[in-house]
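S.K.: File follows, target.pdb with PDB, C-alpha atoms:
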```pdb
ATOM      1  CA  MET A 873     152.689 -12.933 172.254
ATOM      2  CA  ALA A 874     154.637 -16.054 173.079
ATOM      3  CA  ASP A 875     157.902 -14.255 173.767
ATOM      4  CA  SER A 876     156.644 -11.092 175.427
ATOM      5  CA  PRO A 877     159.360  -9.084 177.097
ATOM      6  CA  PRO A 878     159.119  -8.801 180.882
ATOM      7  CA  GLY A 879     156.360  -6.488 182.041
ATOM      8  CA  ILE A 880     154.556  -6.549 178.695
ATOM      9  CA  THR A 881     151.586  -8.641 177.570
ATOM     10  CA  ALA A 882     149.655  -8.612 174.312
ATOM     11  CA  ALA A 883     146.612 -10.764 173.539
ATOM     12  CA  PRO A 884     144.597 -10.639 170.311
ATOM     13  CA  HIS A 885     140.809 -10.266 170.429
ATOM     14  CA  GLU A 886     139.042 -13.492 169.500
ATOM     15  CA  ASP A 887     136.887 -11.785 166.898
ATOM     16  CA  ASN A 888     139.646  -9.600 165.445
ATOM     17  CA  LEU A 889     143.117 -11.052 165.312
ATOM     18  CA  ARG A 890     144.625  -7.697 164.305
ATOM     19  CA  TYR A 891     143.363  -6.055 167.483
ATOM     20  CA  PHE A 892     145.343  -6.601 170.708
ATOM     21  CA  ASP A 893     144.785  -5.897 174.368
ATOM     22  CA  VAL A 894     148.137  -4.821 175.748
ATOM     23  CA  THR A 895     149.479  -4.210 179.223
ATOM     24  CA  ILE A 896     152.736  -2.491 180.038
ATOM     25  CA  ALA A 897     154.242  -2.332 183.513
ATOM     26  CA  GLY A 898     155.651   1.058 184.433
ATOM     27  CA  PRO A 899     159.456   0.921 184.398
ATOM     28  CA  GLY A 900     161.461   0.973 187.646
ATOM     29  CA  GLN A 901     162.913   4.324 188.801
ATOM     30  CA  SER A 902     160.072   6.157 187.077
ATOM     31  CA  PRO A 903     156.890   7.703 188.479
ATOM     32  CA  TYR A 904     155.002   4.936 186.655
ATOM     33  CA  GLU A 905     156.713   2.172 188.655
ATOM     34  CA  GLY A 906     154.199  -0.196 190.225
ATOM     35  CA  GLY A 907     151.520   0.715 187.683
ATOM     36  CA  ILE A 908     150.038  -1.613 185.089
ATOM     37  CA  PHE A 909     148.904   0.363 182.055
ATOM     38  CA  LYS A 910     146.332  -0.929 179.595
ATOM     39  CA  LEU A 911     146.699  -0.136 175.924
ATOM     40  CA  GLU A 912     145.089  -1.213 172.681
ATOM     41  CA  LEU A 913     146.953  -1.954 169.467
ATOM     42  CA  PHE A 914     145.619  -2.437 165.954
ATOM     43  CA  LEU A 915     147.427  -3.615 162.839
ATOM     44  CA  PRO A 916     145.836  -1.706 159.959
ATOM     45  CA  GLU A 917     145.356  -3.094 156.464
ATOM     46  CA  GLU A 918     148.585  -1.380 155.347
ATOM     47  CA  TYR A 919     150.702  -2.945 158.109
ATOM     48  CA  PRO A 920     153.638  -3.538 157.986
ATOM     49  CA  MET A 921     154.143  -0.790 155.432
ATOM     50  CA  ASN A 922     152.376   1.549 157.870
ATOM     51  CA  PRO A 923     152.873   1.457 161.642
ATOM     52  CA  PRO A 924     150.489  -0.178 164.086
ATOM     53  CA  LYS A 925     148.003   2.102 165.843
ATOM     54  CA  VAL A 926     148.435   2.187 169.602
ATOM     55  CA  ARG A 927     146.888   4.138 172.429
ATOM     56  CA  PHE A 928     146.714   4.092 176.225
ATOM     57  CA  LEU A 929     143.398   3.147 177.794
ATOM     58  CA  THR A 930     144.644   3.822 181.335
ATOM     59  CA  LYS A 931     144.833   7.485 182.269
ATOM     60  CA  ILE A 932     148.458   8.590 182.496
ATOM     61  CA  TYR A 933     150.207  11.872 183.289
ATOM     62  CA  HIS A 934     153.000  12.077 180.710
ATOM     63  CA  PRO A 935     154.101  14.897 178.373
ATOM     64  CA  ASN A 936     154.085  12.669 175.292
ATOM     65  CA  ILE A 937     150.694  11.054 175.886
ATOM     66  CA  ASP A 938     147.512  13.074 175.545
ATOM     67  CA  LYS A 939     144.152  12.929 177.325
ATOM     68  CA  LEU A 940     142.796  10.414 174.841
ATOM     69  CA  GLY A 941     145.800   8.138 175.281
ATOM     70  CA  ARG A 942     147.416   9.057 171.969
ATOM     71  CA  ILE A 943     151.174   8.614 171.969
ATOM     72  CA  CYS A 944     153.787  10.917 170.476
ATOM     73  CA  LEU A 945     156.547   8.540 169.457
ATOM     74  CA  ASP A 946     158.588   8.871 166.249
ATOM     75  CA  ILE A 947     158.550   5.164 165.359
ATOM     76  CA  LEU A 948     154.731   5.243 165.375
ATOM     77  CA  LYS A 949     154.878   8.035 162.808
ATOM     78  CA  ASP A 950     157.610   9.160 160.394
ATOM     79  CA  LYS A 951     160.331   6.902 161.802
ATOM     80  CA  TRP A 952     158.332   3.721 161.282
ATOM     81  CA  SER A 953     160.093   0.891 159.488
ATOM     82  CA  PRO A 954     158.494  -2.370 158.341
ATOM     83  CA  ALA A 955     161.428  -4.125 160.002
ATOM     84  CA  LEU A 956     160.193  -3.055 163.439
ATOM     85  CA  GLN A 957     158.221  -5.656 165.333
ATOM     86  CA  ILE A 958     155.238  -5.259 167.658
ATOM     87  CA  ARG A 959     157.574  -6.249 170.457
ATOM     88  CA  THR A 960     159.966  -3.409 169.587
ATOM     89  CA  VAL A 961     157.083  -0.947 169.491
ATOM     90  CA  LEU A 962     155.855  -1.966 172.928
ATOM     91  CA  LEU A 963     159.373  -1.869 174.364
ATOM     92  CA  SER A 964     159.787   1.627 172.931
ATOM     93  CA  ILE A 965     156.566   2.731 174.594
ATOM     94  CA  GLN A 966     157.750   1.272 177.888
ATOM     95  CA  ALA A 967     161.042   3.134 177.431
ATOM     96  CA  LEU A 968     159.129   6.349 176.759
ATOM     97  CA  LEU A 969     157.548   5.986 180.199
ATOM     98  CA  GLY A 970     161.045   5.913 181.684
ATOM     99  CA  ALA A 971     162.235   8.877 179.623
ATOM    100  CA  PRO A 972     159.551  11.547 179.150
ATOM    101  CA  ASN A 973     160.455  14.163 176.571
ATOM    102  CA  PRO A 974     158.748  17.484 177.407
ATOM    103  CA  ASP A 975     160.470  19.163 174.438
ATOM    104  CA  ASP A 976     158.404  17.119 171.982
ATOM    105  CA  PRO A 977     155.046  17.245 173.703
ATOM    106  CA  LEU A 978     151.620  15.971 172.774
ATOM    107  CA  ALA A 979     149.994  17.004 176.035
ATOM    108  CA  ASN A 980     151.013  20.641 176.151
ATOM    109  CA  ASP A 981     149.787  21.424 179.652
ATOM    110  CA  VAL A 982     151.641  18.419 181.045
ATOM    111  CA  ALA A 983     154.843  19.317 179.164
ATOM    112  CA  GLN A 984     154.596  22.868 180.492
ATOM    113  CA  ALA A 985     154.240  21.605 184.062
ATOM    114  CA  TRP A 986     157.133  19.226 183.474
ATOM    115  CA  LYS A 987     159.427  22.048 182.354
ATOM    116  CA  GLU A 988     158.399  24.485 185.066
ATOM    117  CA  ASP A 989     158.677  22.121 188.012
ATOM    118  CA  GLU A 990     159.889  18.645 187.146
ATOM    119  CA  LYS A 991     159.730  17.454 190.738
ATOM    120  CA  ALA A 992     156.084  18.432 191.130
ATOM    121  CA  ALA A 993     155.227  16.931 187.724
ATOM    122  CA  ILE A 994     156.846  13.634 188.686
ATOM    123  CA  ALA A 995     154.901  13.640 191.947
ATOM    124  CA  GLU A 996     151.690  14.232 189.970
ATOM    125  CA  ALA A 997     152.559  11.392 187.574
ATOM    126  CA  ARG A 998     153.103   9.100 190.577
ATOM    127  CA  GLN A 999     149.717  10.101 192.002
ATOM    128  CA  TRP A1000     147.986   9.293 188.714
ATOM    129  CA  THR A1001     149.769   5.928 188.620
ATOM    130  CA  LEU A1002     148.440   5.118 192.095
ATOM    131  CA  LYS A1003     144.963   6.341 191.238
ATOM    132  CA  TRP A1004     144.416   4.833 187.774
ATOM    133  CA  ALA A1005     147.022   2.174 187.005
ATOM    134  CA  GLN A1006     146.465  -0.400 189.733
TER
ATOM    135  CA  MET B1090     140.103  -7.049 155.094
ATOM    136  CA  ALA B1091     141.210  -5.578 158.414
ATOM    137  CA  LYS B1092     138.272  -4.513 160.542
ATOM    138  CA  ILE B1093     139.191  -1.282 162.278
ATOM    139  CA  PRO B1094     138.094  -1.260 165.941
ATOM    140  CA  ARG B1095     135.667   1.369 167.247
ATOM    141  CA  SER B1096     138.269   3.402 169.109
ATOM    142  CA  PHE B1097     140.756   3.775 166.275
ATOM    143  CA  ARG B1098     137.927   4.512 163.879
ATOM    144  CA  LEU B1099     136.690   7.302 166.180
ATOM    145  CA  LEU B1100     140.238   8.658 166.599
ATOM    146  CA  GLU B1101     140.478   8.887 162.807
ATOM    147  CA  GLU B1102     137.141  10.661 162.664
ATOM    148  CA  LEU B1103     138.246  13.039 165.424
ATOM    149  CA  GLU B1104     141.446  13.929 163.591
ATOM    150  CA  LYS B1105     139.531  14.514 160.392
ATOM    151  CA  GLY B1106     137.008  16.664 162.238
ATOM    152  CA  GLU B1107     139.776  18.701 163.899
ATOM    153  CA  LYS B1108     141.329  19.476 160.516
ATOM    154  CA  GLY B1109     137.970  20.698 159.227
ATOM    155  CA  LEU B1110     135.686  19.040 156.722
ATOM    156  CA  GLY B1111     135.214  19.940 153.075
ATOM    157  CA  ASP B1112     133.587  23.348 152.653
ATOM    158  CA  GLY B1113     133.054  23.871 156.385
ATOM    159  CA  SER B1114     129.279  23.524 156.235
ATOM    160  CA  CYS B1115     129.375  20.656 158.739
ATOM    161  CA  SER B1116     131.615  20.103 161.735
ATOM    162  CA  TYR B1117     131.867  17.840 164.756
ATOM    163  CA  GLY B1118     134.081  17.147 167.749
ATOM    164  CA  LEU B1119     134.175  15.449 171.134
ATOM    165  CA  LYS B1120     131.899  16.983 173.750
ATOM    166  CA  ASP B1121     134.609  16.531 176.405
ATOM    167  CA  SER B1122     138.149  16.544 175.066
ATOM    168  CA  ASP B1123     139.259  14.033 177.709
ATOM    169  CA  ASP B1124     136.461  11.491 177.159
ATOM    170  CA  ILE B1125     138.715   8.489 176.622
ATOM    171  CA  ALA B1126     135.689   6.373 175.558
ATOM    172  CA  MET B1127     134.773   8.959 172.883
ATOM    173  CA  CYS B1128     131.022   8.463 173.383
ATOM    174  CA  GLU B1129     129.586  11.953 173.283
ATOM    175  CA  TRP B1130     130.057  14.292 170.361
ATOM    176  CA  ASN B1131     128.773  17.683 169.253
ATOM    177  CA  GLY B1132     127.969  18.525 165.673
ATOM    178  CA  THR B1133     126.930  21.593 163.719
ATOM    179  CA  ILE B1134     125.326  22.022 160.321
ATOM    180  CA  ILE B1135     125.115  25.342 158.514
ATOM    181  CA  GLY B1136     121.769  25.540 156.717
ATOM    182  CA  PRO B1137     122.059  25.236 152.931
ATOM    183  CA  PRO B1138     121.622  28.395 150.838
ATOM    184  CA  HIS B1139     118.332  29.167 149.073
ATOM    185  CA  SER B1140     116.347  27.240 151.665
ATOM    186  CA  ALA B1141     114.322  27.951 154.800
ATOM    187  CA  PHE B1142     117.436  26.837 156.721
ATOM    188  CA  GLU B1143     119.734  29.436 155.168
ATOM    189  CA  ASN B1144     121.934  31.496 157.518
ATOM    190  CA  ARG B1145     121.209  29.291 160.486
ATOM    191  CA  ILE B1146     123.585  27.133 162.491
ATOM    192  CA  PHE B1147     122.028  23.908 163.760
ATOM    193  CA  SER B1148     123.590  22.248 166.813
ATOM    194  CA  LEU B1149     123.382  18.513 167.338
ATOM    195  CA  SER B1150     124.294  16.016 170.045
ATOM    196  CA  ILE B1151     125.624  12.657 168.944
ATOM    197  CA  TYR B1152     126.181   9.466 170.925
ATOM    198  CA  CYS B1153     128.482   6.734 169.641
ATOM    199  CA  GLY B1154     127.817   3.610 171.693
ATOM    200  CA  ASP B1155     130.017   0.574 172.280
ATOM    201  CA  ASN B1156     128.916  -0.997 169.012
ATOM    202  CA  TYR B1157     129.536   1.994 166.760
ATOM    203  CA  PRO B1158     130.234   1.868 163.808
ATOM    204  CA  ASP B1159     128.552  -1.535 163.491
ATOM    205  CA  VAL B1160     125.394   0.253 164.590
ATOM    206  CA  PRO B1161     124.608   3.886 163.762
ATOM    207  CA  PRO B1162     125.084   6.692 166.289
ATOM    208  CA  ILE B1163     122.171   8.299 168.112
ATOM    209  CA  VAL B1164     121.700  11.756 166.676
ATOM    210  CA  LYS B1165     119.638  14.553 168.187
ATOM    211  CA  PHE B1166     119.113  18.124 167.066
ATOM    212  CA  ASP B1167     119.539  20.581 169.939
ATOM    213  CA  SER B1168     118.351  23.442 167.703
ATOM    214  CA  ARG B1169     114.668  23.196 166.846
ATOM    215  CA  ILE B1170     114.074  22.099 163.274
ATOM    216  CA  THR B1171     111.191  20.815 161.187
ATOM    217  CA  LEU B1172     112.255  17.903 158.995
ATOM    218  CA  PRO B1173     110.477  14.603 158.274
ATOM    219  CA  CYS B1174     113.369  12.566 159.726
ATOM    220  CA  VAL B1175     113.381  14.519 163.039
ATOM    221  CA  ASN B1176     110.768  13.795 165.725
ATOM    222  CA  GLN B1177     109.193  16.073 168.347
ATOM    223  CA  GLN B1178     112.118  15.502 170.729
ATOM    224  CA  GLY B1179     114.712  16.365 168.108
ATOM    225  CA  LEU B1180     115.798  12.758 167.612
ATOM    226  CA  VAL B1181     116.821  11.820 164.097
ATOM    227  CA  ASP B1182     115.353   8.690 162.517
ATOM    228  CA  LEU B1183     118.314   7.699 160.366
ATOM    229  CA  SER B1184     116.185   5.145 158.518
ATOM    230  CA  ARG B1185     114.419   8.152 156.985
ATOM    231  CA  VAL B1186     117.608   9.790 155.740
ATOM    232  CA  ALA B1187     117.839   8.705 152.122
ATOM    233  CA  SER B1188     121.402   7.550 151.429
ATOM    234  CA  ILE B1189     122.253   6.262 154.913
ATOM    235  CA  ALA B1190     118.907   4.579 155.673
ATOM    236  CA  GLN B1191     120.645   1.227 155.355
ATOM    237  CA  TRP B1192     123.492   1.761 157.820
ATOM    238  CA  ARG B1193     126.922   0.447 156.820
ATOM    239  CA  ARG B1194     130.025   0.127 158.943
ATOM    240  CA  ASP B1195     132.001   2.472 156.698
ATOM    241  CA  PHE B1196     129.570   5.360 157.221
ATOM    242  CA  SER B1197     130.912   8.090 159.490
ATOM    243  CA  LEU B1198     129.716  11.031 161.557
ATOM    244  CA  GLU B1199     130.651  13.211 158.611
ATOM    245  CA  ASN B1200     128.346  11.188 156.350
ATOM    246  CA  VAL B1201     125.500  11.616 158.845
ATOM    247  CA  LEU B1202     125.874  15.400 159.033
ATOM    248  CA  VAL B1203     126.367  15.863 155.293
ATOM    249  CA  GLU B1204     123.304  13.726 154.536
ATOM    250  CA  LEU B1205     121.187  15.619 157.066
ATOM    251  CA  ARG B1206     122.202  18.846 155.347
ATOM    252  CA  ARG B1207     121.209  17.264 152.043
ATOM    253  CA  GLU B1208     117.786  16.503 153.566
ATOM    254  CA  MET B1209     117.425  20.211 154.359
ATOM    255  CA  ALA B1210     118.185  21.080 150.749
ATOM    256  CA  ALA B1211     115.892  18.385 149.285
ATOM    257  CA  PRO B1212     113.072  19.803 147.112
ATOM    258  CA  ALA B1213     110.401  18.395 149.456
ATOM    259  CA  ASN B1214     111.902  20.073 152.537
ATOM    260  CA  ARG B1215     113.726  23.209 151.533
ATOM    261  CA  LYS B1216     110.699  25.494 151.741
ATOM    262  CA  THR B1217     109.243  24.001 154.957
ATOM    263  CA  PRO B1218     108.705  26.861 157.428
ATOM    264  CA  GLN B1219     111.128  26.554 160.351
ATOM    265  CA  PRO B1220     110.732  27.247 164.095
ATOM    266  CA  VAL B1221     111.934  30.556 165.499
ATOM    267  CA  GLU B1222     115.684  30.865 165.188
ATOM    268  CA  GLY B1223     117.501  30.169 168.455
ATOM    269  CA  SER B1224     114.769  27.920 169.903
ATOM    270  CA  GLU B1225     115.836  24.521 171.199
ATOM    271  CA  PHE B1226     114.404  21.079 171.731
ATOM    272  CA  PRO B1227     114.146  20.098 175.413
ATOM    273  CA  PRO B1228     117.253  18.321 176.744
ATOM    274  CA  LEU B1229     117.304  14.549 176.373
ATOM    275  CA  ASP B1230     119.682  12.004 177.883
ATOM    276  CA  ILE B1231     120.902  10.344 174.695
ATOM    277  CA  VAL B1232     123.532   8.352 176.613
ATOM    278  CA  ALA B1233     120.797   6.635 178.639
ATOM    279  CA  LEU B1234     118.804   6.207 175.450
ATOM    280  CA  GLY B1235     121.763   4.572 173.729
ATOM    281  CA  LYS B1236     122.256   2.133 176.587
ATOM    282  CA  GLN B1237     118.529   1.378 176.606
ATOM    283  CA  ARG B1238     118.522   0.591 172.893
ATOM    284  CA  ARG B1239     121.381  -1.811 173.390
ATOM    285  CA  ALA B1240     119.639  -3.677 176.185
TER
END
```
Written as structure tokens, how would this file's structure read?

M.R.:
Amino acid sequence: MADSPPGITAAPHEDNLRYFDVTIAGPGQSPYEGGIFKLELFLPEEYPMNPPKVRFLTKIYHPNIDKLGRICLDILKDKWSPALQIRTVLLSIQALLGAPNPDDPLANDVAQAWKEDEKAAIAEARQWTLKWAQ
Amino acid sequence: MAKIPRSFRLLEELEKGEKGLGDGSCSYGLKDSDDIAMCEWNGTIIGPPHSAFENRIFSLSIYCGDNYPDVPPIVKFDSRITLPCVNQQGLVDLSRVASIAQWRRDFSLENVLVELRREMAAPANRKTPQPVEGSEFPPLDIVALGKQRRA
């Protein structure tokens, strides 16, 4: 994308212009800070009436992202609007990294850990960032 | 026409498989629920009624390589079975499975399992005596096999 927001890149595959390699930098003041996370994004046939499909390829410890990298984010599901841009979607995902929501979990074990001992969960998330997102 | 990439295609298949397919006679899922590459899958087929396969559950191992679904998966029966499209190691020769012999990108794991079940029910096969229930083919590294085929 020509006008990618800071900390975000998106490049289409040469053989499939609807399929993007994405990177998102972990936001400051979060356990993902210093990490570069790889994602993939696909614009399905029904886009923009239906949302893009996005998932993390880098392992990440986050209550709203599951083991396969699937993301629980309302604008990727029922709150999608054709007016939203890819850029907005990626910014929202970056914001989700800065504001985990263990009350609307996708990864139940992570959400549980987050609620029981937030400090320990944040430390774990930081460890994963150091291990996988460099 | 948008060409859906391998990973999102497999995620769709996974979600469909998790919800349960049709009449429940076939099922599949990821072998390891945290396999981010979604390469290795397990499948089951319940033998069709009024056949030598009736009342049996057949387990299968499935490998979806980097080029799936442009190329078919590697499919192996873990449960012993006697069928023309299955060799002595349990490997399925998909080119001998009638309606998917000519592989197409829009075929899915569900199609493979449903068509294998149809093979079991086919007039030529349904009365073929079957190995002792519970016996298994020897283990086979289908991941290595998949990588070999690619090379």

S.K.: Kindly resolve the PyMOL selection byres ((chain A) within 8 of (chain B)) on the present coordinates and return the residues as a list in words.

M.R.: Asn888, Arg890, Tyr891, Phe914, Leu915, Pro916, Glu917, Lys925, Leu929, Lys939, Leu940 and Gly941 of chain A

S.K.: So, with only C-alpha atoms as the atoms that count, which of A:Asp887, A:Pro972, A:Ser964, A:Ala983 lies closest to Asp946 (chain A)?

M.R.: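 Ranking A:Asp887, A:Pro972, A:Ser964, A:Ala983 by distance to Asp946 (chain A), first place goes to A:Ser964.
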
S.K.: Excluding region 987-996 of chain A and residues on its chain fewer than 5 positions from it, collect all residues at most 10 Å away from it, counting all atoms listed in the file, and give them as a PyMOL selection string.

M.R.: chain A and resi 902-904+932-935+973-975+982+1001-1002

S.K.: Would you compute the distance between CA of Pro884 (chain A) and CA of Arg1238 (chain B)? Give it in Å to one decimal.

M.R.: 28.5 Å

S.K.: Please work out which residues fall within 8 Å of (156.5, -0.3, 159.0), coordinates as given in the file, with only C-alpha atoms counting, and return them as JSON, numbers by chain.

M.R.: {"A": [919, 920, 921, 922, 923, 924, 952, 953, 954, 955, 956]}

S.K.: Please identify all polymer residues within 12 Å of Asp1182 (chain B), counting all atoms listed in the file, omitting same-chain residues fewer than 3 positions from it, and present them as a list of chain:residue names.

M.R.: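 Contacts, with the query itself left out: B:Pro1161, B:Pro1162, B:Ile1163, B:Val1164, B:Lys1165, B:Phe1166, B:Leu1172, B:Pro1173, B:Cys1174, B:Val1175, B:Asn1176, B:Gln1177, B:Gln1178, B:Gly1179, B:Arg1185, B:Val1186, B:Ala1187, B:Ile1189, B:Ala1190, B:Gln1191, B:Trp1192, B:Val1201, B:Leu1205.
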
S.K.: Just to confirm, what's the straight-line distance from CA of Gly907 (chain A) to CA of Arg927 (chain A) in Å (one decimal)?

M.R.: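 According to the coordinates, CA of Gly907 (chain A) and CA of Arg927 (chain A) are separated by 16.3 Å.
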
S.K.: What separation in Å, quoted to one decimal, exists between CA of Ser1148 (chain B) and CA of Leu1183 (chain B)?

M.R.: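 Taking CA of Ser1148 (chain B) as the start and CA of Leu1183 (chain B) as the end point, the length is 16.8 Å.
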
S.K.: Which residues, written as a PyMOL selection string, have at least one atom at most 8 Å from Lys1120 (chain B), with only C-alpha atoms counted and residues fewer than 6 positions away on the same chain left out?

M.R.: chain B and resi 1129-1131

S.K.: Box time for region 1151-1166 of chain B: axis-aligned, enclosing all its listed atoms, 4 Å extra on each side; report centre and edge lengths in Å to one decimal, as JSON.

M.R.:
```
{"center_x": 124.7, "center_y": 8.3, "center_z": 167.9, "size_x": 19.1, "size_y": 27.7, "size_z": 16.8}
```

S.K.: Choose the residue, out of A:Ser876, A:Asn936, A:Thr960, A:Gln999, that has the smallest atom-to-atom separation from Trp986 (chain A); count all atoms listed in the file.

M.R.: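 Closest candidate: A:Asn936.
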
S.K.: Taking the file as I've supplied it (selection: the PyMOL selection byres ((chain B and resi 1223) around 12)), which residues are included? Please answer as a ChimeraX atom specification.

M.R.: /B:1144-1148,1167-1170,1219-1222,1224-1226

S.K.: Taking the file above as input, evaluate the PyMOL selection byres ((chain B and resi 1211) around 12) and report the hits as a list in words.

M.R.: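 Written out, the selection comes to Gly1136, Pro1137, Pro1138, His1139, Ser1140, Ala1141, Phe1142, Leu1172, Pro1173, Val1186, Ala1187, Glu1204, Leu1205, Arg1206, Arg1207, Glu1208, Met1209, Ala1210, Pro1212, Ala1213, Asn1214, Arg1215, Lys1216 and Thr1217 of chain B.
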